[in-house]
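Novice: Just one file: protein12.cif, with mmCIF, C-alpha atoms.
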data_entry
#
loop_
_atom_site.group_PDB
_atom_site.id
_atom_site.type_symbol
_atom_site.label_atom_id
_atom_site.label_comp_id
_atom_site.auth_asym_id
_atom_site.auth_seq_id
_atom_site.Cartn_x
_atom_site.Cartn_y
_atom_site.Cartn_z
ATOM 1 C CA MET A 26 -38.707 0.706 -3.425
ATOM 2 C CA THR A 27 -40.660 2.590 -6.055
ATOM 3 C CA VAL A 28 -39.415 2.349 -9.616
ATOM 4 C CA GLN A 29 -40.801 3.862 -12.765
ATOM 5 C CA ILE A 30 -39.715 2.483 -16.136
ATOM 6 C CA VAL A 31 -39.566 5.033 -18.943
ATOM 7 C CA GLU A 32 -38.343 4.913 -22.499
ATOM 8 C CA ILE A 33 -36.059 7.685 -23.705
ATOM 9 C CA ALA A 34 -34.678 7.683 -27.234
ATOM 10 C CA GLY A 35 -35.637 4.030 -27.611
ATOM 11 C CA GLN A 36 -33.833 2.957 -24.446
ATOM 12 C CA LYS A 37 -35.656 1.733 -21.340
ATOM 13 C CA MET A 38 -34.566 3.416 -18.124
ATOM 14 C CA ALA A 39 -35.478 2.936 -14.490
ATOM 15 C CA MET A 40 -36.294 6.019 -12.447
ATOM 16 C CA LEU A 41 -36.415 5.816 -8.678
ATOM 17 C CA PRO A 42 -36.368 8.196 -5.719
ATOM 18 C CA VAL A 43 -32.931 9.482 -4.753
ATOM 19 C CA ALA A 44 -33.224 7.871 -1.309
ATOM 20 C CA ASP A 45 -33.786 4.458 -2.915
ATOM 21 C CA TYR A 46 -30.906 5.063 -5.316
ATOM 22 C CA GLN A 47 -28.636 5.931 -2.359
ATOM 23 C CA LYS A 48 -29.671 2.713 -0.564
ATOM 24 C CA LEU A 49 -28.677 0.705 -3.648
ATOM 25 C CA LEU A 50 -25.320 2.482 -3.808
ATOM 26 C CA ASP A 51 -24.715 1.840 -0.101
ATOM 27 C CA ALA A 52 -25.585 -1.853 -0.506
ATOM 28 C CA ALA A 53 -23.209 -2.192 -3.460
ATOM 29 C CA GLU A 54 -20.442 -0.469 -1.504
ATOM 30 C CA ASP A 55 -21.051 -2.729 1.518
ATOM 31 C CA LYS A 56 -20.804 -5.791 -0.714
ATOM 32 C CA ALA A 57 -17.528 -4.522 -2.207
ATOM 33 C CA ASP A 58 -16.139 -3.867 1.308
ATOM 34 C CA ILE A 59 -17.100 -7.364 2.458
ATOM 35 C CA LEU A 60 -15.428 -8.919 -0.576
ATOM 36 C CA ALA A 61 -12.269 -6.841 -0.032
ATOM 37 C CA ALA A 62 -12.165 -7.910 3.630
ATOM 38 C CA MET A 63 -12.551 -11.564 2.662
ATOM 39 C CA ILE A 64 -9.713 -11.299 0.141
ATOM 40 C CA ALA A 65 -7.498 -9.511 2.681
ATOM 41 C CA GLU A 66 -8.198 -12.195 5.286
ATOM 42 C CA GLN A 67 -7.334 -14.923 2.790
ATOM 43 C CA ARG A 68 -4.045 -13.191 1.934
ATOM 44 C CA ARG A 69 -3.250 -12.788 5.646
ATOM 45 C CA ALA A 70 -3.984 -16.484 6.231
ATOM 46 C CA GLU A 71 -1.570 -17.300 3.396
ATOM 47 C CA GLY A 72 1.159 -15.383 5.222
ATOM 48 C CA GLU A 73 1.019 -11.892 3.729
ATOM 49 C CA GLU A 74 2.490 -9.363 6.109
ATOM 50 C CA TYR A 75 0.510 -6.393 7.370
ATOM 51 C CA LEU A 76 2.101 -3.189 8.552
ATOM 52 C CA PRO A 77 1.160 -1.413 11.737
ATOM 53 C CA ALA A 78 -1.031 1.595 10.948
ATOM 54 C CA GLU A 79 1.485 3.930 12.588
ATOM 55 C CA MET A 80 4.220 2.812 10.188
ATOM 56 C CA LEU A 81 1.971 3.237 7.174
ATOM 57 C CA ASP A 82 0.938 6.710 8.379
ATOM 58 C CA ARG A 83 4.575 7.710 8.732
ATOM 59 C CA ILE A 84 5.389 6.525 5.207
ATOM 60 C CA MET A 85 2.365 8.404 3.885
ATOM 61 C CA ASP A 86 3.594 11.506 5.746
ATOM 62 C CA GLY A 87 6.831 11.341 3.766
ATOM 63 C CA GLU A 88 9.244 9.498 6.049
ATOM 64 C CA SER A 89 11.777 7.242 4.385
ATOM 65 C CA ALA A 90 10.197 3.869 3.686
ATOM 66 C CA LEU A 91 13.709 2.402 3.580
ATOM 67 C CA ARG A 92 14.504 3.673 7.076
ATOM 68 C CA LEU A 93 11.141 2.582 8.493
ATOM 69 C CA TRP A 94 11.396 -0.912 6.993
ATOM 70 C CA ARG A 95 14.974 -1.259 8.271
ATOM 71 C CA LYS A 96 13.929 -0.293 11.779
ATOM 72 C CA TYR A 97 10.782 -2.432 11.571
ATOM 73 C CA ARG A 98 13.014 -5.397 10.760
ATOM 74 C CA GLY A 99 15.192 -4.527 13.764
ATOM 75 C CA MET A 100 18.289 -3.877 11.657
ATOM 76 C CA THR A 101 20.957 -1.237 11.999
ATOM 77 C CA MET A 102 22.610 0.425 9.024
ATOM 78 C CA ASP A 103 25.769 -1.492 9.911
ATOM 79 C CA GLN A 104 23.832 -4.767 9.580
ATOM 80 C CA LEU A 105 21.893 -3.896 6.415
ATOM 81 C CA GLY A 106 24.691 -2.234 4.437
ATOM 82 C CA PRO A 107 26.970 -5.275 4.078
ATOM 83 C CA LEU A 108 24.031 -7.476 3.055
ATOM 84 C CA CYS A 109 23.521 -5.156 0.085
ATOM 85 C CA GLY A 110 27.083 -4.210 -0.703
ATOM 86 C CA VAL A 111 26.765 -0.587 0.412
ATOM 87 C CA SER A 112 28.461 1.403 3.127
ATOM 88 C CA ARG A 113 26.746 2.766 6.205
ATOM 89 C CA ALA A 114 27.342 6.307 4.924
ATOM 90 C CA PHE A 115 25.774 5.547 1.551
ATOM 91 C CA LEU A 116 22.796 3.868 3.226
ATOM 92 C CA SER A 117 22.360 6.918 5.448
ATOM 93 C CA MET A 118 22.291 9.185 2.391
ATOM 94 C CA LEU A 119 19.718 6.922 0.707
ATOM 95 C CA GLU A 120 17.491 7.037 3.760
ATOM 96 C CA ARG A 121 17.709 10.829 3.883
ATOM 97 C CA GLY A 122 17.020 11.144 0.158
ATOM 98 C CA LYS A 123 20.433 12.698 -0.485
ATOM 99 C CA ARG A 124 21.545 9.985 -2.917
ATOM 100 C CA ASP A 125 19.958 7.537 -5.295
ATOM 101 C CA ALA A 126 21.027 4.011 -6.029
ATOM 102 C CA SER A 127 21.000 1.638 -8.945
ATOM 103 C CA GLN A 128 18.086 -0.683 -9.485
ATOM 104 C CA LYS A 129 20.401 -3.535 -8.486
ATOM 105 C CA THR A 130 21.086 -1.882 -5.113
ATOM 106 C CA TRP A 131 17.400 -1.153 -4.485
ATOM 107 C CA ARG A 132 16.590 -4.767 -5.329
ATOM 108 C CA ALA A 133 19.290 -5.964 -2.913
ATOM 109 C CA LEU A 134 17.886 -3.704 -0.184
ATOM 110 C CA ALA A 135 14.360 -4.992 -0.787
ATOM 111 C CA ASN A 136 15.570 -8.596 -0.700
ATOM 112 C CA ALA A 137 17.554 -8.054 2.502
ATOM 113 C CA LEU A 138 14.494 -6.459 4.138
ATOM 114 C CA ASN A 139 12.203 -9.172 2.741
ATOM 115 C CA VAL A 140 9.896 -6.644 1.058
ATOM 116 C CA SER A 141 8.833 -5.848 -2.467
ATOM 117 C CA ILE A 142 10.848 -3.135 -4.150
ATOM 118 C CA ASP A 143 7.532 -1.292 -4.469
ATOM 119 C CA ASP A 144 7.373 -1.130 -0.657
ATOM 120 C CA LEU A 145 10.459 1.065 -0.721
ATOM 121 C CA PHE A 146 8.828 3.438 -3.241
ATOM 122 C CA PRO A 147 5.204 3.581 -2.088
ATOM 123 C CA PHE A 148 4.223 6.701 -4.046
ATOM 124 C CA GLU A 149 6.240 6.479 -7.233
#
Using structure tokens, write down the structure from this file.

Specialist:
Amino acid sequence: MTVQIVEIAGQKMAMLPVADYQKLLDAAEDKADILAAMIAEQRRAEGEEYLPAEMLDRIMDGESALRLWRKYRGMTMDQLGPLCGVSRAFLSMLERGKRDASQKTWRALANALNVSIDDLFPFE
């Protein structure tokens, strides 16, 4: 690696070829990726749940996170509704985005599905 030290306006600066600069950026990014993978593995070992990529893709494509989590947990609307104090019809409207619910109801849904309330609102 070739580096030239120059002083501009009283401040020392290192100048290097763009290819060398890119190698440094790539190395820093690789290090950050390795650290992120290590942290993710530690969280997984501690029991954090990971979603299948297909489910995440569907949520990102705009499908109802509530509906996908309910199905992922193997629950019907008739099973989930009573756990949260809502009717099947109301739950259906929530999943289709036709109604909104109180924070208390959303919290009850998240608790019944064993997810964070943020998992039900991934982009808000």

Novice: Suppose you want the space between CA of Ile30 in chain A and CA of Asp55 in chain A; what is it in Å?

Specialist: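 Atom-to-atom, CA of Ile30 in chain A and CA of Asp55 in chain A are spaced 26.2 Å apart.
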
Novice: Evaluated on this file, the PyMOL selection byres ((chain A and resi 75-80) around 12) picks out some residues - which ones are they, written as a ChimeraX atom specification?

Specialist: /A:65-66,68-74,81-98,140,144

Novice: For CA of Ser117 in chain A and CA of Asp103 in chain A, quote the distance in Å rounded to one decimal.

Specialist: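 Spanning CA of Ser117 in chain A to CA of Asp103 in chain A is a straight-line distance of 10.1 Å.
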
Novice: Around (25.9, -6.6, 0.0) in the file's frame, which residues reach within 9 Å when counting all atoms listed in the file? Return as a list in words?

Specialist: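 The residues that fall inside the cut-off are Leu105, Gly106, Pro107, Leu108, Cys109, Gly110, Val111, Ser112, Thr130, Ala133, Leu134 and Ala137 of chain A.
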
Novice: Report, in Å with one decimal, the straight-line distance from CA of Leu60 in chain A to CA of Leu41 in chain A.

Specialist: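 Computing it gives 26.9 Å between the two atoms.
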
Novice: Please enclose the listed atoms of range 30-35 of chain A in an axis-aligned box, pad each side by 5 Å, and write out the centre and the three edge lengths in Å, rounded to one decimal, as lines of an AutoDock Vina configuration file.

Specialist:
center_x = -37.2
center_y = 5.1
center_z = -21.9
size_x = 15.0
size_y = 15.2
size_z = 21.5

Novice: Since I can't run it myself right now, could you work out what the PyMOL selection byres ((chain A and resi 29) around 9) selects here and report it as JSON, numbers by chain?

Specialist: {"A": [27, 28, 30, 31, 38, 39, 40, 41]}

Novice: For the file shown, report as a ChimeraX atom specification the outcome of the PyMOL selection byres ((chain A and resi 143) around 12) at residue level.

Specialist: /A:90-91,128,131-132,134-136,139-142,144-149

Novice: Compare A:Met100, A:Ala61, A:Met26, A:Val43 by their minimum atom-to-atom distance to Leu138 in chain A, counting all atoms listed in the file, and give me the closest one.

Specialist: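 Distance minimum relative to Leu138 in chain A lands on A:Met100.
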